[in-house]
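Trainee: Data file work35.txt (compact mmCIF, C-alpha atoms and all ligand atoms) is appended below.
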```txt
# COMPACT_ATOMS: atom_id res chain seq x y z
CA MET A 13 63.45 -28.99 -53.43
CA ALA A 14 62.59 -32.67 -53.11
CA LEU A 15 65.47 -35.14 -52.95
CA LEU A 16 63.58 -37.65 -55.10
CA ASP A 17 60.97 -36.47 -57.57
CA VAL A 18 58.99 -39.04 -59.56
CA ARG A 19 56.91 -37.38 -62.26
CA ASN A 20 54.16 -39.03 -64.27
CA VAL A 21 55.99 -42.34 -64.50
CA GLY A 22 54.46 -45.11 -66.59
CA LYS A 23 55.57 -48.65 -67.35
CA ALA A 24 53.72 -51.28 -69.38
CA PHE A 25 54.40 -54.97 -69.97
CA GLY A 26 52.55 -55.65 -73.21
CA SER A 27 48.97 -54.55 -72.56
CA LEU A 28 49.41 -54.56 -68.75
CA LYS A 29 49.90 -51.08 -67.31
CA ALA A 30 52.09 -51.94 -64.33
CA LEU A 31 52.51 -48.22 -63.53
CA ASP A 32 50.17 -45.55 -64.81
CA ASP A 33 50.98 -41.87 -64.30
CA VAL A 34 52.60 -42.18 -60.87
CA SER A 35 53.97 -38.97 -59.30
CA PHE A 36 55.33 -38.28 -55.82
CA SER A 37 58.21 -36.53 -54.15
CA VAL A 38 60.35 -37.41 -51.17
CA ASN A 39 61.97 -34.74 -49.02
CA ALA A 40 65.49 -35.11 -47.68
CA GLY A 41 65.49 -36.76 -44.26
CA GLU A 42 62.03 -38.32 -44.40
CA ILE A 43 60.81 -41.90 -44.45
CA PHE A 44 58.31 -42.27 -47.29
CA GLY A 45 56.15 -45.40 -47.30
CA ILE A 46 54.65 -47.17 -50.30
CA ALA A 47 51.89 -49.74 -49.80
CA GLY A 48 49.58 -51.64 -52.11
CA PRO A 49 48.12 -55.10 -52.66
CA ASN A 50 50.03 -57.82 -54.53
CA GLY A 51 50.78 -56.88 -58.11
CA SER A 52 49.98 -53.20 -57.61
CA GLY A 53 53.31 -52.08 -59.10
CA LYS A 54 55.44 -51.42 -56.01
CA SER A 55 58.55 -53.34 -57.09
CA THR A 56 58.12 -52.12 -60.67
CA LEU A 57 58.28 -48.59 -59.28
CA PHE A 58 61.64 -49.29 -57.61
CA ASN A 59 62.88 -50.96 -60.79
CA THR A 60 61.95 -47.96 -62.91
CA ILE A 61 63.54 -45.51 -60.43
CA THR A 62 66.83 -47.40 -60.28
CA GLY A 63 66.82 -48.41 -63.96
CA ILE A 64 67.51 -52.02 -62.95
CA PRO A 65 66.49 -53.97 -64.89
CA PHE A 66 64.42 -51.34 -66.73
CA GLY A 67 63.57 -47.64 -66.64
CA PRO A 68 60.12 -46.09 -67.18
CA ASP A 69 58.41 -45.96 -70.59
CA ARG A 70 57.38 -42.42 -69.85
CA GLY A 71 57.80 -39.77 -67.18
CA LYS A 72 60.81 -38.50 -65.33
CA VAL A 73 62.75 -39.37 -62.20
CA LEU A 74 64.87 -36.63 -60.65
CA LEU A 75 67.41 -37.08 -57.87
CA ASP A 76 68.26 -33.76 -56.26
CA GLY A 77 67.00 -32.03 -59.41
CA ALA A 78 69.02 -34.11 -61.89
CA GLU A 79 67.27 -36.56 -64.22
CA ILE A 80 68.32 -40.15 -63.58
CA GLN A 81 66.17 -42.12 -66.01
CA GLY A 82 68.34 -43.49 -68.79
CA LYS A 83 71.47 -43.42 -66.62
CA SER A 84 73.31 -46.65 -65.81
CA GLY A 85 72.89 -48.39 -62.48
CA ASN A 86 76.49 -47.42 -61.69
CA ASP A 87 75.82 -43.75 -62.34
CA ILE A 88 72.65 -43.79 -60.27
CA ALA A 89 74.49 -45.44 -57.37
CA ARG A 90 77.26 -42.84 -57.68
CA MET A 91 74.62 -40.11 -57.48
CA GLY A 92 73.71 -41.45 -54.04
CA LEU A 93 70.83 -43.87 -54.54
CA ALA A 94 70.95 -47.43 -53.19
CA ARG A 95 68.32 -50.16 -52.90
CA THR A 96 67.63 -53.50 -51.27
CA PHE A 97 65.51 -56.32 -52.65
CA GLN A 98 62.46 -58.21 -51.47
CA ARG A 99 64.47 -61.42 -51.11
CA GLU A 100 67.64 -61.31 -49.07
CA THR A 101 70.46 -60.96 -51.59
CA SER A 102 74.15 -61.39 -50.88
CA PHE A 103 77.29 -62.99 -52.29
CA ASP A 104 76.84 -66.24 -50.43
CA LYS A 105 80.36 -67.58 -50.87
CA LEU A 106 81.93 -64.37 -49.59
CA THR A 107 82.25 -63.47 -45.95
CA VAL A 108 80.02 -60.99 -44.15
CA PHE A 109 82.79 -58.39 -44.18
CA GLU A 110 83.61 -58.97 -47.86
CA ASN A 111 79.95 -58.39 -48.73
CA ALA A 112 79.90 -55.09 -46.83
CA MET A 113 83.20 -54.14 -48.47
CA ILE A 114 81.58 -54.48 -51.90
CA GLY A 115 79.14 -51.72 -50.92
CA ALA A 116 81.86 -49.62 -49.30
CA THR A 117 84.16 -49.93 -52.31
CA TYR A 118 81.42 -49.38 -54.86
CA GLY A 119 80.00 -46.32 -53.13
CA GLY A 120 83.27 -44.88 -51.84
CA ARG A 121 85.55 -44.95 -54.86
CA GLN A 122 87.29 -41.74 -53.71
CA ALA A 123 87.86 -43.07 -50.19
CA THR A 124 91.13 -44.63 -49.01
CA PRO A 125 91.14 -48.42 -48.45
CA THR A 126 91.21 -47.76 -44.70
CA ALA A 127 88.17 -45.47 -44.90
CA GLN A 128 86.35 -48.09 -47.00
CA ARG A 129 87.07 -50.75 -44.38
CA ASP A 130 85.88 -48.40 -41.63
CA ASN A 131 82.67 -47.72 -43.59
CA ALA A 132 82.04 -51.45 -44.05
CA ALA A 133 82.61 -52.19 -40.35
CA GLU A 134 80.44 -49.25 -39.29
CA ALA A 135 77.57 -50.30 -41.59
CA LEU A 136 77.67 -53.83 -40.16
CA ASP A 137 77.66 -52.38 -36.67
CA VAL A 138 74.62 -50.19 -37.51
CA VAL A 139 72.58 -53.28 -38.46
CA GLY A 140 73.72 -55.16 -35.37
CA ILE A 141 76.10 -57.70 -36.93
CA ALA A 142 78.82 -58.37 -34.36
CA ALA A 143 82.53 -58.22 -35.27
CA LYS A 144 82.89 -61.90 -34.31
CA ASP A 145 80.63 -62.74 -37.30
CA PHE A 146 82.53 -60.66 -39.88
CA GLY A 147 84.49 -63.74 -41.06
CA ARG A 148 81.48 -66.03 -41.50
CA LEU A 149 80.24 -66.89 -44.97
CA ALA A 150 77.05 -65.05 -45.89
CA GLU A 151 75.36 -68.39 -46.67
CA GLU A 152 75.78 -69.46 -43.03
CA LEU A 153 73.60 -66.62 -41.74
CA SER A 154 69.92 -66.85 -40.83
CA VAL A 155 67.33 -65.24 -43.15
CA PHE A 156 67.08 -62.27 -40.80
CA ASP A 157 70.85 -61.78 -40.61
CA ARG A 158 71.13 -62.03 -44.39
CA LYS A 159 68.51 -59.30 -44.69
CA CYS A 160 70.58 -57.23 -42.24
CA LEU A 161 73.70 -57.93 -44.31
CA MET A 162 71.95 -56.75 -47.49
CA LEU A 163 70.97 -53.60 -45.61
CA ALA A 164 74.52 -53.10 -44.31
CA THR A 165 75.97 -53.50 -47.82
CA ALA A 166 73.61 -50.76 -49.06
CA VAL A 167 74.43 -48.50 -46.08
CA ALA A 168 78.16 -49.06 -46.64
CA MET A 169 77.72 -47.43 -50.06
CA GLY A 170 77.06 -44.17 -48.20
CA PRO A 171 73.81 -43.38 -50.04
CA ARG A 172 71.81 -40.18 -49.69
CA ILE A 173 68.62 -42.13 -50.33
CA LEU A 174 67.88 -45.79 -49.73
CA LEU A 175 64.99 -47.72 -51.30
CA LEU A 176 63.89 -50.71 -49.20
CA ASP A 177 61.69 -53.33 -50.88
CA GLU A 178 59.61 -55.19 -48.28
CA PRO A 179 62.25 -55.42 -45.55
CA ALA A 180 59.78 -57.13 -43.20
CA SER A 181 58.71 -59.92 -45.56
CA GLY A 182 59.21 -63.39 -44.10
CA LEU A 183 60.19 -62.05 -40.67
CA THR A 184 58.77 -62.95 -37.26
CA LYS A 185 57.12 -60.27 -35.11
CA PRO A 186 60.20 -59.75 -32.90
CA GLU A 187 62.40 -59.53 -36.02
CA ILE A 188 60.00 -56.95 -37.48
CA GLU A 189 60.36 -54.92 -34.26
CA THR A 190 64.14 -55.10 -34.57
CA SER A 191 63.91 -54.02 -38.24
CA ILE A 192 61.87 -50.97 -37.28
CA GLY A 193 64.65 -49.95 -34.90
CA LEU A 194 67.32 -50.52 -37.57
CA ILE A 195 65.50 -48.42 -40.15
CA ARG A 196 65.10 -45.61 -37.61
CA LYS A 197 68.81 -45.84 -36.84
CA ILE A 198 69.68 -45.61 -40.53
CA ALA A 199 67.33 -42.65 -41.03
CA ALA A 200 68.92 -40.93 -38.02
CA ARG A 201 72.22 -41.02 -39.93
CA GLY A 202 70.66 -38.61 -42.42
CA ILE A 203 69.77 -41.22 -45.04
CA THR A 204 66.39 -40.57 -46.68
CA ILE A 205 64.32 -43.75 -46.94
CA VAL A 206 61.65 -44.95 -49.33
CA LEU A 207 60.01 -48.05 -47.95
CA ILE A 208 57.78 -50.58 -49.71
CA GLU A 209 55.88 -52.86 -47.35
CA HIS A 210 52.78 -55.05 -47.11
CA VAL A 211 52.74 -54.88 -43.34
CA LEU A 212 50.77 -51.69 -42.78
CA THR A 213 51.66 -51.29 -39.11
CA PHE A 214 55.32 -51.25 -40.15
CA LEU A 215 54.63 -48.38 -42.56
CA MET A 216 52.37 -46.57 -40.10
CA THR A 217 55.06 -46.68 -37.43
CA LEU A 218 57.86 -45.45 -39.65
CA SER A 219 56.53 -43.24 -42.45
CA GLN A 220 55.92 -39.52 -42.51
CA HIS A 221 54.10 -39.84 -45.84
CA LEU A 222 52.35 -42.80 -47.38
CA LEU A 223 51.47 -43.62 -51.00
CA VAL A 224 49.10 -46.47 -51.80
CA LEU A 225 49.18 -48.02 -55.26
CA ASN A 226 46.50 -50.20 -56.77
CA GLN A 227 46.74 -51.82 -60.19
CA GLY A 228 49.55 -49.45 -61.14
CA GLN A 229 47.67 -46.32 -60.18
CA MET A 230 47.94 -43.93 -57.26
CA LEU A 231 45.04 -44.64 -54.95
CA ALA A 232 45.85 -42.27 -52.10
CA MET A 233 48.80 -40.27 -50.80
CA GLY A 234 49.49 -38.13 -47.75
CA ASP A 235 49.56 -38.43 -43.98
CA PRO A 236 49.56 -42.20 -43.14
CA LYS A 237 46.59 -42.05 -40.72
CA THR A 238 44.40 -40.27 -43.25
CA VAL A 239 45.49 -42.51 -46.12
CA ILE A 240 44.85 -45.76 -44.28
CA SER A 241 41.30 -44.77 -43.37
CA ASP A 242 40.50 -43.75 -46.95
CA PRO A 243 37.59 -46.02 -48.07
CA ARG A 244 39.32 -46.70 -51.42
CA VAL A 245 42.40 -47.97 -49.59
CA VAL A 246 40.34 -50.14 -47.25
CA GLU A 247 38.49 -51.60 -50.22
CA ALA A 248 41.64 -52.25 -52.24
CA TYR A 249 43.15 -54.18 -49.33
CA LEU A 250 40.03 -56.02 -48.22
CA GLY A 251 39.17 -56.79 -51.82
CA THR A 252 42.36 -58.76 -52.28
CA ARG A 253 43.72 -59.77 -48.92
CA LYS A 254 43.31 -58.73 -45.34
CA PRO A 255 45.74 -55.99 -44.30
CA ASP A 256 48.57 -57.32 -42.13
CA LEU A 257 47.79 -55.16 -39.11
N1 LIG A 301 59.29 -58.14 -65.92
C1 LIG A 301 57.96 -58.24 -65.99
N2 LIG A 301 57.34 -58.73 -67.08
C2 LIG A 301 55.99 -58.83 -67.16
N3 LIG A 301 55.15 -58.44 -66.17
C3 LIG A 301 55.70 -57.95 -65.06
C4 LIG A 301 57.13 -57.82 -64.89
N4 LIG A 301 57.38 -57.30 -63.67
C5 LIG A 301 56.17 -57.11 -63.09
N5 LIG A 301 55.17 -57.49 -63.91
C6 LIG A 301 53.73 -57.39 -63.65
O1 LIG A 301 53.46 -56.05 -63.26
C7 LIG A 301 52.50 -56.00 -62.21
C8 LIG A 301 53.10 -55.28 -61.01
O2 LIG A 301 54.09 -56.16 -60.45
P1 LIG A 301 55.00 -55.72 -59.21
O3 LIG A 301 55.95 -56.85 -58.95
O4 LIG A 301 55.56 -54.39 -59.44
O5 LIG A 301 53.90 -55.65 -58.05
P2 LIG A 301 54.12 -55.53 -56.48
O6 LIG A 301 53.15 -54.50 -56.01
O7 LIG A 301 55.56 -55.31 -56.18
O8 LIG A 301 53.65 -56.97 -56.00
P3 LIG A 301 54.12 -57.84 -54.72
O9 LIG A 301 53.57 -57.14 -53.53
O10 LIG A 301 53.46 -59.16 -54.96
O11 LIG A 301 55.61 -57.91 -54.74
C9 LIG A 301 52.10 -57.44 -61.92
O12 LIG A 301 50.90 -57.72 -62.64
C10 LIG A 301 53.28 -58.24 -62.45
O13 LIG A 301 52.87 -59.52 -62.88
```
As structure tokens, how would this structure be written, given the file I've shared?
Ligand SMILES: Nc1ncnc2c1ncn2[C@@H]1O[C@H](COP(=O)(O)OP(=O)(O)OP(=O)(O)O)[C@@H](O)[C@H]1O

Mentor:
Amino acid sequence: MALLDVRNVGKAFGSLKALDDVSFSVNAGEIFGIAGPNGSGKSTLFNTITGIPFGPDRGKVLLDGAEIQGKSGNDIARMGLARTFQRETSFDKLTVFENAMIGATYGGRQATPTAQRDNAAEALDVVGIAAKDFGRLAEELSVFDRKCLMLATAVAMGPRILLLDEPASGLTKPEIETSIGLIRKIAARGITIVLIEHVLTFLMTLSQHLLVLNQGQMLAMGDPKTVISDPRVVEAYLGTRKPDL
């Protein structure tokens, strides 16, 4: 059984069909990539899956066989789903460690305070934030480190599945390389990953399956090499912007 099963999901904003009959499933342990030109519905898809700030108008989302649409963000997080955002997001006036502790506390309500602290420290270590920086304010960090902190906060929740919205956006080439390593490291911990990205090489390197959206519809899905050479995919990308290869 798939860990995440998205079935015939639709979402409209007025007359704009941001998502139209989108279905896919993600197996436990895989990295599943989602690509598509600007405005194709990628972030809307994550929003509808997590219910923040809105769920789908139609269709179903199942996590490990249980329907999650209509559940609160808290309940969905408790069921083991976490996400990051396109823009680095943190509590800027809190320290690095306090930010990670929010994830560890939120996701590990049953854990002892010591276990929560261990989870926070471990998650920061996974993303490469050194212990000497735990006491710094989040706002003092570079863009890349703030992205890493957002990732660590999500990992500290102890999710079964992690949705990453354009983790490479705004990063330099070396930072993108580092991010690829981090995502692999997180996946190796048994966390299933769904990854939205514009940078196709990033998706090609990491994903076992790739879905391409265009204008809210599924354009192609399957093995990344086959999908990326699909003429409809090439046209959708070249028709709007050059792929970031
Ligand atoms: N809250 C909203 N209200 C109205 N329209 C919206 C809303 N959110 C998204 N849209 C519209 O839905 C469409 C899909 O947007 P979405 O942000 O999901 O695309 P995207 O593929 O993530 O784009 P990008 O790559 O630029 O982030 C766009 O036309 C967008 O303007």

Trainee: Contacts of Leu194 of chain A at 8 Å or less, counting only C-alpha atoms, minus same-chain residues fewer than 3 places along, as a list of chain:residue names?

Mentor: A:Val138, A:Val139, A:Thr190, A:Ser191, A:Lys197, A:Ile198

Trainee: Using all atoms listed in the file, I'd like a table of the residues in chain A that come within 12 Å of ligand LIG 301 (chain A); for each, show the closest atom pair and its distance in Å rounded to one decimal, ordered by chain and ascending number, as a tab-separated table.

Mentor:
```
residue	atom	partner	partner_atom	distance
A:Gly22	CA	A:LIG301	O1	11.5
A:Lys23	CA	A:LIG301	O1	8.7
A:Ala24	CA	A:LIG301	O1	7.8
A:Phe25	CA	A:LIG301	C2	5.0
A:Gly26	CA	A:LIG301	C2	7.7
A:Ser27	CA	A:LIG301	N3	9.7
A:Leu28	CA	A:LIG301	O1	7.0
A:Lys29	CA	A:LIG301	O1	7.3
A:Ala30	CA	A:LIG301	O1	4.5
A:Leu31	CA	A:LIG301	C8	7.5
A:Asp32	CA	A:LIG301	C8	10.8
A:Ile46	CA	A:LIG301	O6	9.4
A:Ala47	CA	A:LIG301	O6	7.9
A:Gly48	CA	A:LIG301	O6	6.0
A:Pro49	CA	A:LIG301	O9	5.9
A:Asn50	CA	A:LIG301	O10	3.7
A:Gly51	CA	A:LIG301	O5	3.4
A:Ser52	CA	A:LIG301	O6	3.8
A:Gly53	CA	A:LIG301	O4	3.2
A:Lys54	CA	A:LIG301	O6	3.8
A:Ser55	CA	A:LIG301	O7	3.7
A:Thr56	CA	A:LIG301	O4	3.6
A:Leu57	CA	A:LIG301	O4	6.4
A:Phe58	CA	A:LIG301	O4	8.1
A:Asn59	CA	A:LIG301	O4	8.2
A:Thr60	CA	A:LIG301	O4	9.7
A:Ile61	CA	A:LIG301	O4	12.0
A:Ile64	CA	A:LIG301	N1	10.7
A:Pro65	CA	A:LIG301	N1	8.4
A:Phe66	CA	A:LIG301	N1	8.6
A:Gly67	CA	A:LIG301	N1	11.4
A:Phe97	CA	A:LIG301	O11	10.2
A:Gln98	CA	A:LIG301	O11	7.6
A:Arg99	CA	A:LIG301	O11	10.2
A:Leu176	CA	A:LIG301	O7	11.8
A:Asp177	CA	A:LIG301	O7	8.3
A:Glu178	CA	A:LIG301	O11	8.1
A:Pro179	CA	A:LIG301	O11	11.6
A:Ser181	CA	A:LIG301	O9	9.9
A:Leu207	CA	A:LIG301	O7	11.8
A:Ile208	CA	A:LIG301	O7	8.3
A:Glu209	CA	A:LIG301	O9	7.9
A:His210	CA	A:LIG301	O9	6.8
A:Val211	CA	A:LIG301	O9	10.5
A:Val224	CA	A:LIG301	O6	9.9
A:Leu225	CA	A:LIG301	O6	7.6
A:Asn226	CA	A:LIG301	O6	8.0
A:Gln227	CA	A:LIG301	C8	7.3
A:Gly228	CA	A:LIG301	C8	6.8
A:Gln229	CA	A:LIG301	C8	10.5
A:Met230	CA	A:LIG301	O6	11.9
A:Tyr249	CA	A:LIG301	O9	11.6
A:Thr252	CA	A:LIG301	O9	11.4
A:Arg253	CA	A:LIG301	O9	11.2
```

Trainee: Using all atoms listed in the file for the distances, tell me which of A:Leu153, A:Leu74, A:Leu215, A:Ala143 is nearest to Ser37 of chain A.

Mentor: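 For Ser37 of chain A, the nearest of the given residues is A:Leu74.
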
Trainee: Which is closer to Arg158 of chain A than all the others in A:Met113, A:Ala200, A:Ile240, A:Val108, using only C-alpha atoms?

Mentor: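 Checking each candidate against Arg158 of chain A, we get A:Val108 as the closest.
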
Trainee: Of the residues A:Ile173, A:Thr107, A:Ala164, A:Asp130, which is the one nearest to Lys144 of chain A, using all atoms listed in the file?

Mentor: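 Closest residue, counting all atoms listed in the file: A:Thr107.
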
Trainee: Any idea what the distance is between atom CA of Met169 of chain A and atom CA of Val18 of chain A?

Mentor: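 Taking atom CA of Met169 of chain A and atom CA of Val18 of chain A, their separation equals 22.6 Å.
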
Trainee: Can you tell me which residues surround Asp76 of chain A at a distance of at most 12 Å, considering only C-alpha atoms, apart from same-chain residues fewer than 4 positions away, and format the answer as a list in words?

Mentor: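 After dropping sequence-adjacent residues, the list is Met13, Ala14, Leu15, Leu16, Asp17, Val18, Ser37, Val38, Asn39, Ala40, Ile80, Ile88, Met91, Gly92, Leu93, Arg172, Ile173 and Thr204 of chain A.
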
Trainee: Provide the atom CA of Ala150 of chain A to atom CA of Pro125 of chain A distance in Å, to one decimal place.

Mentor: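 The value is 21.9 Å.
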
Trainee: Please measure the separation of atom CA of Ala116 of chain A and atom CA of Gly170 of chain A, giving the value in Å to one decimal.

Mentor: 7.3 Å

Trainee: Looking at only C-alpha atoms, which of A:Ala142, A:Val21, A:Ile188, A:Ile195 is the one that sits closest to Asp33 of chain A?

Mentor: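 Ranked by minimum distance to Asp33 of chain A, first place goes to A:Val21.
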